[in-house]
file query.cif (mmCIF, C-alpha atoms)
data_upload
#
loop_
_atom_site.label_atom_id
_atom_site.label_comp_id
_atom_site.auth_asym_id
_atom_site.auth_seq_id
_atom_site.Cartn_x
_atom_site.Cartn_y
_atom_site.Cartn_z
CA MET A 1 -5.17 -46.71 4.00
CA THR A 2 -3.60 -43.85 5.96
CA GLN A 3 -6.16 -41.30 7.08
CA ALA A 4 -5.42 -37.66 6.25
CA PRO A 5 -4.60 -35.63 9.38
CA THR A 6 -7.31 -33.37 10.75
CA ARG A 7 -6.75 -29.68 10.03
CA MET A 8 -5.72 -27.79 13.14
CA PRO A 9 -8.18 -24.99 14.06
CA VAL A 10 -6.57 -21.55 14.34
CA ALA A 11 -8.16 -18.51 15.98
CA VAL A 12 -7.69 -15.23 14.12
CA ILE A 13 -7.78 -12.08 16.24
CA GLY A 14 -8.07 -8.97 14.08
CA ALA A 15 -9.80 -8.96 10.71
CA GLY A 16 -8.15 -6.05 8.95
CA ALA A 17 -6.18 -6.45 5.75
CA ILE A 18 -3.52 -8.80 7.10
CA GLY A 19 -5.97 -10.76 9.25
CA ARG A 20 -8.14 -11.43 6.21
CA MET A 21 -5.08 -12.50 4.25
CA HIS A 22 -4.49 -15.18 6.86
CA VAL A 23 -8.16 -16.20 6.91
CA GLU A 24 -8.24 -16.62 3.14
CA ARG A 25 -5.30 -19.01 3.29
CA LEU A 26 -6.67 -20.85 6.32
CA LEU A 27 -9.84 -21.61 4.39
CA SER A 28 -8.00 -23.65 1.75
CA HIS A 29 -4.93 -24.83 3.66
CA PRO A 30 -4.43 -28.60 3.98
CA ASP A 31 -3.00 -28.39 7.53
CA VAL A 32 -4.96 -25.64 9.29
CA ALA A 33 -8.43 -24.09 9.26
CA PRO A 34 -10.09 -20.98 10.76
CA ALA A 35 -11.60 -21.69 14.16
CA ALA A 36 -13.13 -18.25 14.74
CA ILE A 37 -12.56 -14.55 14.14
CA ALA A 38 -12.45 -11.84 16.81
CA ASP A 39 -12.80 -8.21 15.76
CA PRO A 40 -15.24 -5.61 17.12
CA THR A 41 -16.14 -3.97 13.80
CA PRO A 42 -19.44 -4.57 11.97
CA ALA A 43 -17.43 -5.18 8.80
CA ALA A 44 -15.61 -8.07 10.50
CA ARG A 45 -18.91 -9.50 11.76
CA ASP A 46 -20.33 -9.45 8.23
CA TYR A 47 -17.09 -10.89 6.81
CA ALA A 48 -17.16 -13.82 9.23
CA ALA A 49 -20.85 -14.44 8.56
CA ALA A 50 -20.25 -14.54 4.81
CA LEU A 51 -17.57 -17.20 5.34
CA GLY A 52 -19.57 -19.19 7.88
CA VAL A 53 -16.85 -18.70 10.50
CA PRO A 54 -17.81 -17.99 14.15
CA TRP A 55 -17.35 -14.33 15.09
CA PHE A 56 -16.73 -12.60 18.41
CA ALA A 57 -16.50 -8.91 19.14
CA ASP A 58 -13.96 -9.50 21.91
CA HIS A 59 -10.92 -11.76 21.75
CA ARG A 60 -11.35 -12.83 25.36
CA GLU A 61 -14.76 -14.27 24.60
CA LEU A 62 -13.31 -16.08 21.59
CA LEU A 63 -10.59 -17.59 23.77
CA GLU A 64 -13.10 -18.72 26.38
CA ARG A 65 -15.55 -20.28 23.93
CA THR A 66 -13.43 -21.61 21.07
CA GLN A 67 -11.26 -24.71 20.81
CA ALA A 68 -8.12 -23.90 18.82
CA GLY A 69 -4.61 -25.23 18.44
CA ALA A 70 -3.00 -21.84 17.86
CA ALA A 71 -3.84 -18.17 17.42
CA ILE A 72 -2.90 -15.51 14.89
CA VAL A 73 -2.86 -11.97 16.28
CA ALA A 74 -3.34 -9.28 13.63
CA THR A 75 -4.59 -6.38 15.73
CA PRO A 76 -3.17 -2.81 15.87
CA ASN A 77 0.43 -2.72 17.10
CA GLY A 78 -0.33 -1.21 20.50
CA THR A 79 -2.56 -4.15 21.45
CA HIS A 80 -0.12 -6.94 20.50
CA ALA A 81 1.32 -7.60 23.94
CA ASP A 82 -1.99 -7.75 25.82
CA VAL A 83 -3.74 -9.87 23.19
CA GLY A 84 -0.75 -12.17 22.81
CA ILE A 85 -0.46 -12.69 26.56
CA ALA A 86 -4.19 -13.51 26.76
CA CYS A 87 -3.58 -16.29 24.21
CA ILE A 88 -0.45 -17.55 25.96
CA GLU A 89 -2.26 -17.71 29.30
CA ARG A 90 -4.59 -20.20 27.62
CA ARG A 91 -1.51 -22.06 26.33
CA LEU A 92 -2.21 -21.20 22.71
CA PRO A 93 0.89 -20.91 20.49
CA VAL A 94 0.85 -17.46 18.87
CA LEU A 95 1.75 -16.19 15.43
CA MET A 96 2.06 -12.46 16.12
CA GLU A 97 1.92 -10.17 13.13
CA LYS A 98 4.89 -7.85 13.02
CA PRO A 99 6.00 -5.85 14.81
CA VAL A 100 6.01 -8.13 17.83
CA ALA A 101 4.82 -5.09 19.85
CA ASP A 102 4.83 -1.31 19.61
CA THR A 103 7.62 -0.79 22.15
CA LEU A 104 10.63 -2.77 23.32
CA ALA A 105 9.23 -2.90 26.86
CA GLN A 106 5.96 -4.40 25.66
CA GLY A 107 7.75 -6.79 23.33
CA LEU A 108 10.03 -7.96 26.12
CA ARG A 109 7.02 -8.40 28.40
CA LEU A 110 5.32 -10.59 25.79
CA CYS A 111 8.47 -12.63 25.15
CA ASP A 112 9.07 -13.14 28.86
CA VAL A 113 5.52 -14.39 29.45
CA ALA A 114 5.80 -16.80 26.51
CA ALA A 115 9.18 -18.10 27.71
CA ALA A 116 7.98 -18.55 31.30
CA ALA A 117 4.91 -20.44 30.10
CA GLY A 118 6.85 -22.54 27.59
CA VAL A 119 4.37 -21.52 24.86
CA PRO A 120 5.74 -20.87 21.35
CA LEU A 121 5.68 -17.28 20.14
CA MET A 122 6.33 -16.62 16.45
CA VAL A 123 6.53 -13.29 14.63
CA GLY A 124 5.03 -12.89 11.16
CA HIS A 125 8.06 -11.94 9.12
CA GLN A 126 6.73 -14.10 6.32
CA ARG A 127 9.49 -13.27 3.85
CA ARG A 128 11.74 -15.72 5.68
CA HIS A 129 9.49 -18.48 4.31
CA ASN A 130 9.88 -17.33 0.71
CA PRO A 131 12.06 -19.68 -1.43
CA ILE A 132 13.68 -16.60 -2.97
CA LEU A 133 14.97 -15.39 0.38
CA GLN A 134 15.95 -18.89 1.49
CA SER A 135 17.97 -19.28 -1.74
CA ALA A 136 19.60 -15.88 -1.21
CA ARG A 137 20.58 -16.85 2.32
CA LYS A 138 22.21 -20.03 1.05
CA LEU A 139 24.05 -18.20 -1.74
CA ILE A 140 25.48 -15.73 0.77
CA ALA A 141 26.36 -18.50 3.24
CA ASP A 142 28.11 -20.38 0.41
CA GLY A 143 30.33 -17.36 -0.22
CA VAL A 144 28.95 -16.33 -3.61
CA VAL A 145 29.25 -12.63 -2.75
CA GLY A 146 32.23 -13.08 -0.45
CA LYS A 147 32.21 -10.73 2.53
CA PRO A 148 29.13 -8.46 2.33
CA VAL A 149 30.25 -4.85 1.94
CA SER A 150 27.39 -2.65 0.67
CA VAL A 151 23.61 -3.04 0.56
CA THR A 152 20.95 -0.90 -1.09
CA ALA A 153 17.28 -1.60 -0.30
CA MET A 154 14.18 0.20 -1.56
CA ALA A 155 10.60 0.10 -0.34
CA THR A 156 8.86 2.76 -2.41
CA TRP A 157 5.23 2.62 -3.55
CA LEU A 158 1.87 4.38 -3.14
CA LYS A 159 -0.77 3.60 -0.53
CA PRO A 160 -4.25 4.78 -1.60
CA ASP A 161 -6.12 7.43 0.36
CA SER A 162 -8.58 4.79 1.58
CA TYR A 163 -5.78 3.10 3.53
CA PHE A 164 -5.70 6.06 5.92
CA GLU A 165 -9.41 6.08 6.74
CA LEU A 166 -8.56 4.17 9.94
CA ALA A 167 -7.31 6.77 12.42
CA TRP A 168 -4.50 4.62 13.89
CA ARG A 169 -2.80 4.48 10.48
CA ARG A 170 -2.29 8.26 10.62
CA GLN A 171 -0.69 8.19 14.06
CA VAL A 172 2.89 7.75 15.24
CA GLY A 173 3.94 4.11 15.15
CA ALA A 174 1.78 3.18 12.18
CA GLY A 175 3.90 4.62 9.38
CA PRO A 176 5.98 2.84 6.77
CA VAL A 177 8.96 2.43 9.11
CA LEU A 178 7.15 0.07 11.51
CA ILE A 179 4.56 -1.26 9.07
CA ASN A 180 6.75 -1.84 6.01
CA LEU A 181 10.46 -1.08 6.42
CA ILE A 182 10.59 -3.42 9.39
CA HIS A 183 10.20 -6.28 6.87
CA ASP A 184 13.25 -5.06 4.96
CA ILE A 185 15.21 -4.72 8.18
CA ASP A 186 14.29 -8.28 9.09
CA LEU A 187 15.20 -9.44 5.57
CA LEU A 188 18.66 -7.91 5.90
CA ARG A 189 19.15 -9.32 9.41
CA PHE A 190 18.22 -12.74 8.01
CA LEU A 191 20.81 -12.41 5.22
CA ILE A 192 23.59 -10.16 6.56
CA GLY A 193 23.46 -10.46 10.37
CA GLU A 194 22.83 -8.15 13.28
CA VAL A 195 22.50 -4.38 12.96
CA GLU A 196 25.05 -2.45 15.02
CA SER A 197 24.01 1.18 14.54
CA VAL A 198 21.53 3.34 12.63
CA GLN A 199 21.26 6.88 11.24
CA ALA A 200 18.01 8.17 9.70
CA MET A 201 15.81 11.02 8.55
CA THR A 202 12.01 10.95 8.18
CA SER A 203 9.49 13.27 6.54
CA ASN A 204 5.71 13.72 6.50
CA ALA A 205 5.83 16.44 3.85
CA VAL A 206 3.47 14.74 1.39
CA ARG A 207 0.40 14.00 3.52
CA GLY A 208 1.14 16.05 6.61
CA TYR A 209 -0.11 13.33 8.96
CA GLU A 210 1.36 12.83 12.41
CA VAL A 211 3.12 9.74 11.08
CA GLU A 212 6.00 9.75 8.58
CA ASP A 213 5.42 8.96 4.92
CA THR A 214 9.10 8.79 3.91
CA ALA A 215 12.39 7.75 5.51
CA ALA A 216 16.03 7.51 4.50
CA VAL A 217 18.14 5.15 6.60
CA MET A 218 21.79 4.14 6.94
CA MET A 219 22.76 0.99 8.83
CA ARG A 220 26.04 -0.51 9.97
CA PHE A 221 26.02 -4.28 10.47
CA ALA A 222 28.17 -6.19 12.95
CA CYS A 223 30.05 -7.78 10.02
CA GLY A 224 31.10 -4.30 8.85
CA ALA A 225 28.70 -4.02 5.91
CA LEU A 226 26.89 -0.71 5.35
CA ALA A 227 23.33 -0.40 4.04
CA THR A 228 21.20 2.42 2.70
CA LEU A 229 17.43 1.97 2.83
CA SER A 230 14.81 4.20 1.21
CA VAL A 231 11.15 3.86 2.17
CA SER A 232 8.08 5.86 1.17
CA ASP A 233 4.39 5.01 0.87
CA ALA A 234 3.68 8.30 -0.95
CA THR A 235 5.51 7.70 -4.24
CA VAL A 236 4.54 6.30 -7.61
CA ALA A 237 7.31 3.71 -7.90
CA PRO A 238 7.74 -0.07 -8.42
CA TRP A 239 10.87 -0.63 -6.31
CA ASN A 240 9.68 -2.66 -3.36
CA TRP A 241 9.69 -6.32 -2.37
CA ASP A 242 5.91 -6.72 -2.51
CA LEU A 243 5.57 -5.71 -6.15
CA ALA A 244 8.84 -7.35 -7.20
CA ALA A 245 8.56 -10.72 -5.44
CA GLY A 246 4.90 -11.44 -6.17
CA GLU A 247 4.16 -12.88 -2.73
CA ALA A 248 0.49 -11.91 -2.80
CA ALA A 249 -1.96 -12.00 -5.70
CA HIS A 250 -3.45 -8.59 -4.87
CA TYR A 251 -0.17 -6.96 -5.96
CA ALA A 252 0.63 -6.81 -9.67
CA GLN A 253 4.08 -8.39 -9.95
CA LEU A 254 6.71 -6.37 -11.77
CA ASP A 255 10.04 -7.54 -13.22
CA VAL A 256 12.24 -5.32 -11.08
CA ASN A 257 14.68 -5.67 -8.21
CA SER A 258 14.33 -4.02 -4.81
CA HIS A 259 17.48 -5.14 -2.95
CA TYR A 260 21.12 -5.09 -4.03
CA ILE A 261 23.82 -6.84 -1.98
CA SER A 262 27.45 -6.26 -2.98
CA GLY A 263 30.47 -8.11 -1.58
CA THR A 264 34.15 -8.78 -2.09
CA GLU A 265 33.54 -11.67 -4.54
CA GLY A 266 30.27 -10.76 -6.22
CA SER A 267 26.87 -9.12 -5.98
CA LEU A 268 23.34 -10.43 -5.60
CA THR A 269 20.00 -8.84 -6.49
CA LEU A 270 16.61 -9.59 -4.97
CA PRO A 271 14.14 -10.88 -5.80
CA ARG A 272 15.51 -11.84 -9.26
CA LEU A 273 18.53 -13.60 -7.72
CA ASP A 274 20.98 -12.24 -10.31
CA VAL A 275 24.58 -12.98 -9.32
CA TRP A 276 27.35 -10.76 -10.77
CA ARG A 277 30.93 -12.06 -10.62
CA TYR A 278 34.22 -11.93 -12.48
CA ALA A 279 35.00 -15.08 -14.47
CA GLY A 280 38.75 -14.45 -14.45
CA ALA A 281 40.78 -11.32 -13.85
CA ARG A 282 39.28 -8.90 -11.34
CA GLY A 283 38.99 -5.13 -11.53
CA TRP A 284 36.75 -2.42 -12.87
CA HIS A 285 38.16 -2.75 -16.40
CA GLU A 286 37.25 -6.45 -16.59
CA PRO A 287 33.88 -7.78 -17.81
CA LEU A 288 31.39 -8.94 -15.21
CA GLY A 289 29.33 -12.06 -15.84
CA CYS A 290 25.74 -12.51 -14.68
CA SER A 291 23.88 -15.69 -13.78
CA ARG A 292 20.41 -16.20 -12.33
CA THR A 293 19.31 -18.76 -9.78
CA PRO A 294 15.81 -20.01 -10.64
CA VAL A 295 13.52 -21.00 -7.77
CA HIS A 296 10.03 -22.42 -7.58
CA ARG A 297 7.48 -19.84 -6.52
CA ALA A 298 5.57 -20.45 -3.33
CA ASP A 299 3.24 -18.41 -1.15
CA PRO A 300 5.21 -17.64 2.05
CA TYR A 301 1.98 -17.06 3.99
CA VAL A 302 0.88 -20.61 3.18
CA GLU A 303 4.26 -22.01 4.26
CA GLN A 304 4.12 -19.88 7.41
CA LEU A 305 0.80 -21.51 8.34
CA ARG A 306 2.25 -24.98 7.78
CA HIS A 307 5.15 -23.94 10.01
CA LEU A 308 2.73 -22.61 12.65
CA ARG A 309 1.15 -26.03 13.03
CA ALA A 310 4.55 -27.75 13.09
CA VAL A 311 5.74 -25.39 15.84
CA ALA A 312 2.49 -25.78 17.79
CA GLU A 313 2.92 -29.54 17.69
CA GLY A 314 6.59 -29.36 18.71
CA ARG A 315 7.94 -30.67 15.41
CA GLU A 316 9.81 -27.49 14.42
CA THR A 317 11.31 -24.45 16.13
CA PRO A 318 10.21 -20.95 15.04
CA VAL A 319 11.88 -19.53 11.94
CA CYS A 320 11.29 -16.14 13.54
CA SER A 321 10.84 -16.40 17.30
CA GLY A 322 9.53 -13.69 19.58
CA SER A 323 13.05 -12.76 20.68
CA ASP A 324 14.24 -12.69 17.06
CA GLY A 325 11.33 -10.43 16.13
CA LEU A 326 12.19 -8.26 19.12
CA ARG A 327 15.68 -7.64 17.72
CA THR A 328 14.14 -6.57 14.42
CA LEU A 329 11.79 -4.24 16.31
CA GLN A 330 14.76 -2.80 18.19
CA ALA A 331 16.46 -1.91 14.90
CA ALA A 332 13.24 -0.40 13.50
CA LEU A 333 12.70 1.71 16.63
CA ALA A 334 16.34 2.81 16.39
CA VAL A 335 15.46 4.24 12.97
CA GLN A 336 12.74 6.37 14.55
CA GLU A 337 14.99 7.45 17.41
CA ALA A 338 17.82 8.34 15.02
CA ALA A 339 15.41 10.44 12.97
CA ARG A 340 14.16 12.26 16.08
CA SER A 341 17.60 12.89 17.55
CA GLN A 342 19.47 13.36 14.26
CA ARG A 343 22.24 11.30 15.82
CA PRO A 344 23.54 7.75 15.28
CA VAL A 345 21.77 5.21 17.50
CA ALA A 346 23.42 1.99 18.67
CA VAL A 347 21.28 -1.14 18.39
#
call {"tool": "encode", "arguments": {"input": "query.cif", "output": "structure tokens"}}
result
Amino acid sequence: MTQAPTRMPVAVIGAGAIGRMHVERLLSHPDVAPAAIADPTPAARDYAAALGVPWFADHRELLERTQAGAAIVATPNGTHADVGIACIERRLPVLMEKPVADTLAQGLRLCDVAAAAGVPLMVGHQRRHNPILQSARKLIADGVVGKPVSVTAMATWLKPDSYFELAWRRQVGAGPVLINLIHDIDLLRFLIGEVESVQAMTSNAVRGYEVEDTAAVMMRFACGALATLSVSDATVAPWNWDLAAGEAAHYAQLDVNSHYISGTEGSLTLPRLDVWRYAGARGWHEPLGCSRTPVHRADPYVEQLRHLRAVAEGRETPVCSGSDGLRTLQAALAVQEAARSQRPVAV
């Protein structure tokens, strides 16, 4: 009889909302398990105690006293580089929650240290592990839409007041551009290719915090396609990937689309995977036909954890490497710079 493989212990640094999401999946995952949690807050201490998972106030103490095969870093953006480097110095493969860092300089520093050490660095753009997005990528690669021409993406919803009780969420760098829209930028890079230039406007007119609550973005891709992206965390609206795709149980899934990709041969919606094409003659007077590509649902966070172990053990290469995540960060920061300067910004 073949013995089941031992679950690889994973250290989790940061026990906020996304850190706890990882912990919950680690608890029941067949391939990985929580080794320990590091987070200085009393709430994190109590959370770890309730789960029976070792807790440390400081990540450095966790790294010194805990045996782990990999680490997940889910701390505030400004700490990503330092915490990630501390893990890499102990030769721990890292799954870094997005963005890879808060600045390009810090992200490049982290990537350089990982490359020099030969330690895998992954970035948590979990949508890449979703079967919906993988099917969309294949459809586009197979030429179903032809040459991509126009893209519309929406990320509009309402964050509750309690979300902003943590001070860093009200400060520059923690708004929906870097916290949320960066996922949509990565999604489009994954499907359409590299971003060439960006124009944008942002507003904080609803809450009046230092950070933006709304942004309108235009992007030009290297392939020539143009995209318009609308993001706001201050609206009552269903048009966003999280509510539409049903990736996490704590969101009520809605039967809507959030992304529309139009090309020279057809169009594709996400996450419903509706394909619109002409069956015969082409032109705006002709009827369009619609077909849907069904896919099995799967939790991308669970698949990402499986992938983390496979990368840590050298069996797979990162679906989203540190350098890949850095290019997504560059495009997201270009949005902020374009909004500040009110000028197009090359990426």
call {"tool": "residues_around", "arguments": {"input": "query.cif", "residues": "region 169-183 of chain A", "least_positions_apart": "3", "cutoff": "10 Å", "atoms": "all atoms listed in the file", "output": "PyMOL selection string"}}
result
chain A and resi 76-78+98-99+102-103+124-128+153-156+159+163-166+186-189+202+204+207-217+229-234+240-242+325+328-333+335-336
call {"tool": "atom_distance", "arguments": {"input": "query.cif", "atom1": "CA of Asp39 (chain A)", "atom2": "CA of Pro9 (chain A)"}}
result
17.5 Å
call {"tool": "closest_atom_pairs", "arguments": {"input": "query.cif", "of": "region 251-282 of chain A", "to": "region 141-151 of chain A", "cutoff": "12 Å", "atoms": "all atoms listed in the file", "output": "JSON lines"}}
result
{"residue": "A:Ser258", "atom": "CA", "partner": "A:Val151", "partner_atom": "CA", "distance": 10.8}
{"residue": "A:His259", "atom": "CA", "partner": "A:Val151", "partner_atom": "CA", "distance": 7.4}
{"residue": "A:Tyr260", "atom": "CA", "partner": "A:Val151", "partner_atom": "CA", "distance": 5.6}
{"residue": "A:Ile261", "atom": "CA", "partner": "A:Val151", "partner_atom": "CA", "distance": 4.6}
{"residue": "A:Ser262", "atom": "CA", "partner": "A:Ser150", "partner_atom": "CA", "distance": 5.1}
{"residue": "A:Gly263", "atom": "CA", "partner": "A:Pro148", "partner_atom": "CA", "distance": 4.1}
{"residue": "A:Thr264", "atom": "CA", "partner": "A:Gly146", "partner_atom": "CA", "distance": 5.0}
{"residue": "A:Glu265", "atom": "CA", "partner": "A:Gly146", "partner_atom": "CA", "distance": 4.5}
{"residue": "A:Gly266", "atom": "CA", "partner": "A:Val145", "partner_atom": "CA", "distance": 4.1}
{"residue": "A:Ser267", "atom": "CA", "partner": "A:Val145", "partner_atom": "CA", "distance": 5.3}
{"residue": "A:Leu268", "atom": "CA", "partner": "A:Val145", "partner_atom": "CA", "distance": 6.9}
{"residue": "A:Thr269", "atom": "CA", "partner": "A:Val151", "partner_atom": "CA", "distance": 9.8}
{"residue": "A:Leu270", "atom": "CA", "partner": "A:Val151", "partner_atom": "CA", "distance": 11.1}
{"residue": "A:Leu273", "atom": "CA", "partner": "A:Val144", "partner_atom": "CA", "distance": 11.5}
{"residue": "A:Asp274", "atom": "CA", "partner": "A:Val144", "partner_atom": "CA", "distance": 11.2}
{"residue": "A:Val275", "atom": "CA", "partner": "A:Val144", "partner_atom": "CA", "distance": 7.9}
{"residue": "A:Trp276", "atom": "CA", "partner": "A:Val145", "partner_atom": "CA", "distance": 8.5}
{"residue": "A:Arg277", "atom": "CA", "partner": "A:Val145", "partner_atom": "CA", "distance": 8.1}
{"residue": "A:Tyr278", "atom": "CA", "partner": "A:Val145", "partner_atom": "CA", "distance": 10.9}
call {"tool": "resolve_selection", "arguments": {"input": "query.cif", "expression": "the PyMOL selection byres ((chain A and resi 29) around 10)", "output": "list in words"}}
result
Arg7, Met8, Val23, Glu24, Arg25, Leu26, Leu27, Ser28, Pro30, Asp31, Val32, Ala33, Pro34, Val302, Glu303, Leu305 and Arg306 of chain A
call {"tool": "resolve_selection", "arguments": {"input": "query.cif", "expression": "the PyMOL selection byres ((chain A and resi 14) around 9)", "output": "list in words"}}
result
Val12, Ile13, Ala15, Gly16, Ala17, Ile18, Gly19, Arg20, Ile37, Ala38, Asp39, Pro40, Ala44, His59, Ile72, Val73, Ala74, Thr75 and Pro76 of chain A
call {"tool": "resolve_selection", "arguments": {"input": "query.cif", "expression": "the PyMOL selection byres ((chain A and resi 313) around 12)", "output": "list in words"}}
result
Met8, Asp31, Gly69, Ala70, Leu92, Pro93, Val119, Pro120, Arg306, His307, Leu308, Arg309, Ala310, Val311, Ala312, Gly314, Arg315, Glu316, Thr317 and Pro318 of chain A
call {"tool": "atom_distance", "arguments": {"input": "query.cif", "atom1": "CA of Arg292 (chain A)", "atom2": "CA of Leu254 (chain A)"}}
result
16.9 Å
call {"tool": "residues_around", "arguments": {"input": "query.cif", "residues": "Gly107 (chain A)", "least_positions_apart": "5", "cutoff": "8 Å", "atoms": "all atoms listed in the file", "output": "compact mmCIF listing (two decimals) with C-alpha atoms, in the coordinates of the input"}}
result
# COMPACT_ATOMS: atom_id res chain seq x y z
CA ALA A 81 1.32 -7.60 23.94
CA VAL A 100 6.01 -8.13 17.83
CA ALA A 101 4.82 -5.09 19.85
CA ASP A 102 4.83 -1.31 19.61
CA LEU A 326 12.19 -8.26 19.12
call {"tool": "residues_around", "arguments": {"input": "query.cif", "residues": "Arg65 (chain A)", "least_positions_apart": "4", "cutoff": "10 Å", "atoms": "all atoms listed in the file", "output": "number ranges by chain"}}
result
A: 36, 56, 59-61
call {"tool": "atom_distance", "arguments": {"input": "query.cif", "atom1": "CA of Met122 (chain A)", "atom2": "CA of Met96 (chain A)"}}
result
6.0 Å
call {"tool": "closest_residue", "arguments": {"input": "query.cif", "among": "A:Ala11, A:Ala281, A:Val195, A:Ala248", "to": "Asp299 (chain A)", "atoms": "all atoms listed in the file"}}
result
A:Ala248
call {"tool": "closest_residue", "arguments": {"input": "query.cif", "among": "A:Thr152, A:Thr293, A:Ser162, A:Thr228", "to": "Gln199 (chain A)", "atoms": "all atoms listed in the file"}}
result
A:Thr228
call {"tool": "axis_aligned_box", "arguments": {"input": "query.cif", "around": "region 143-159 of chain A", "padding_each_side": "6 Å", "output": "lines of an AutoDock Vina configuration file"}}
result
center_x = 15.7
center_y = -6.5
center_z = -0.5
size_x = 45.0
size_y = 33.7
size_z = 18.1
call {"tool": "residues_around", "arguments": {"input": "query.cif", "residues": "Glu337 (chain A)", "least_positions_apart": "6", "cutoff": "9 Å", "atoms": "only C-alpha atoms", "output": "compact mmCIF listing (two decimals) with C-alpha atoms, keeping the file's coordinate frame"}}
result
# COMPACT_ATOMS: atom_id res chain seq x y z
CA GLN A 199 21.26 6.88 11.24
CA ALA A 200 18.01 8.17 9.70
CA ARG A 343 22.24 11.30 15.82
CA PRO A 344 23.54 7.75 15.28
CA VAL A 345 21.77 5.21 17.50
call {"tool": "closest_residue", "arguments": {"input": "query.cif", "among": "A:Asp82, A:Ala227, A:Trp157, A:Phe190", "to": "Leu243 (chain A)", "atoms": "all atoms listed in the file"}}
result
A:Trp157
call {"tool": "decode", "arguments": {"input": "query.cif", "residues": "region 306-311 of chain A", "atoms": "all heavy atoms", "output": "tab-separated table (two decimals), in the first residue's frame"}}
result
chain	number	residue	atom	x	y	z
A	306	ARG	N	-1.78	24.06	-3.63
A	306	ARG	CA	-1.19	22.86	-4.24
A	306	ARG	C	0.03	23.24	-5.06
A	306	ARG	O	1.08	22.59	-5.01
A	306	ARG	CB	-2.22	22.15	-5.11
A	306	ARG	CG	-1.71	20.83	-5.72
A	306	ARG	CD	-2.35	20.53	-7.06
A	306	ARG	NE	-2.06	21.53	-8.07
A	306	ARG	CZ	-0.91	21.61	-8.74
A	306	ARG	NH1	0.08	20.76	-8.49
A	306	ARG	NH2	-0.74	22.55	-9.66
A	307	HIS	N	-0.13	24.31	-5.84
A	307	HIS	CA	0.95	24.81	-6.69
A	307	HIS	C	2.13	25.28	-5.85
A	307	HIS	O	3.30	25.06	-6.23
A	307	HIS	CB	0.39	25.93	-7.56
A	307	HIS	CG	1.38	26.55	-8.48
A	307	HIS	ND1	2.05	25.85	-9.46
A	307	HIS	CD2	1.83	27.84	-8.60
A	307	HIS	CE1	2.85	26.66	-10.14
A	307	HIS	NE2	2.73	27.87	-9.62
A	308	LEU	N	1.87	25.90	-4.71
A	308	LEU	CA	2.94	26.36	-3.82
A	308	LEU	C	3.83	25.20	-3.42
A	308	LEU	O	5.07	25.29	-3.47
A	308	LEU	CB	2.35	27.05	-2.59
A	308	LEU	CG	3.33	27.41	-1.47
A	308	LEU	CD1	4.38	28.40	-1.96
A	308	LEU	CD2	2.58	27.99	-0.27
A	309	ARG	N	3.22	24.09	-3.02
A	309	ARG	CA	4.03	22.93	-2.63
A	309	ARG	C	4.81	22.40	-3.83
A	309	ARG	O	6.00	22.06	-3.72
A	309	ARG	CB	3.16	21.83	-2.05
A	309	ARG	CG	3.97	20.57	-1.72
A	309	ARG	CD	3.21	19.55	-0.93
A	309	ARG	NE	4.06	18.40	-0.66
A	309	ARG	CZ	3.75	17.41	0.16
A	309	ARG	NH1	2.59	17.43	0.82
A	309	ARG	NH2	4.58	16.39	0.35
A	310	ALA	N	4.16	22.31	-4.99
A	310	ALA	CA	4.83	21.79	-6.19
A	310	ALA	C	6.02	22.67	-6.57
A	310	ALA	O	7.08	22.15	-6.96
A	310	ALA	CB	3.84	21.69	-7.34
A	311	VAL	N	5.88	23.98	-6.44
A	311	VAL	CA	6.98	24.89	-6.74
A	311	VAL	C	8.08	24.74	-5.69
A	311	VAL	O	9.27	24.68	-6.02
A	311	VAL	CB	6.48	26.35	-6.80
A	311	VAL	CG1	7.66	27.33	-6.85
A	311	VAL	CG2	5.57	26.55	-8.00
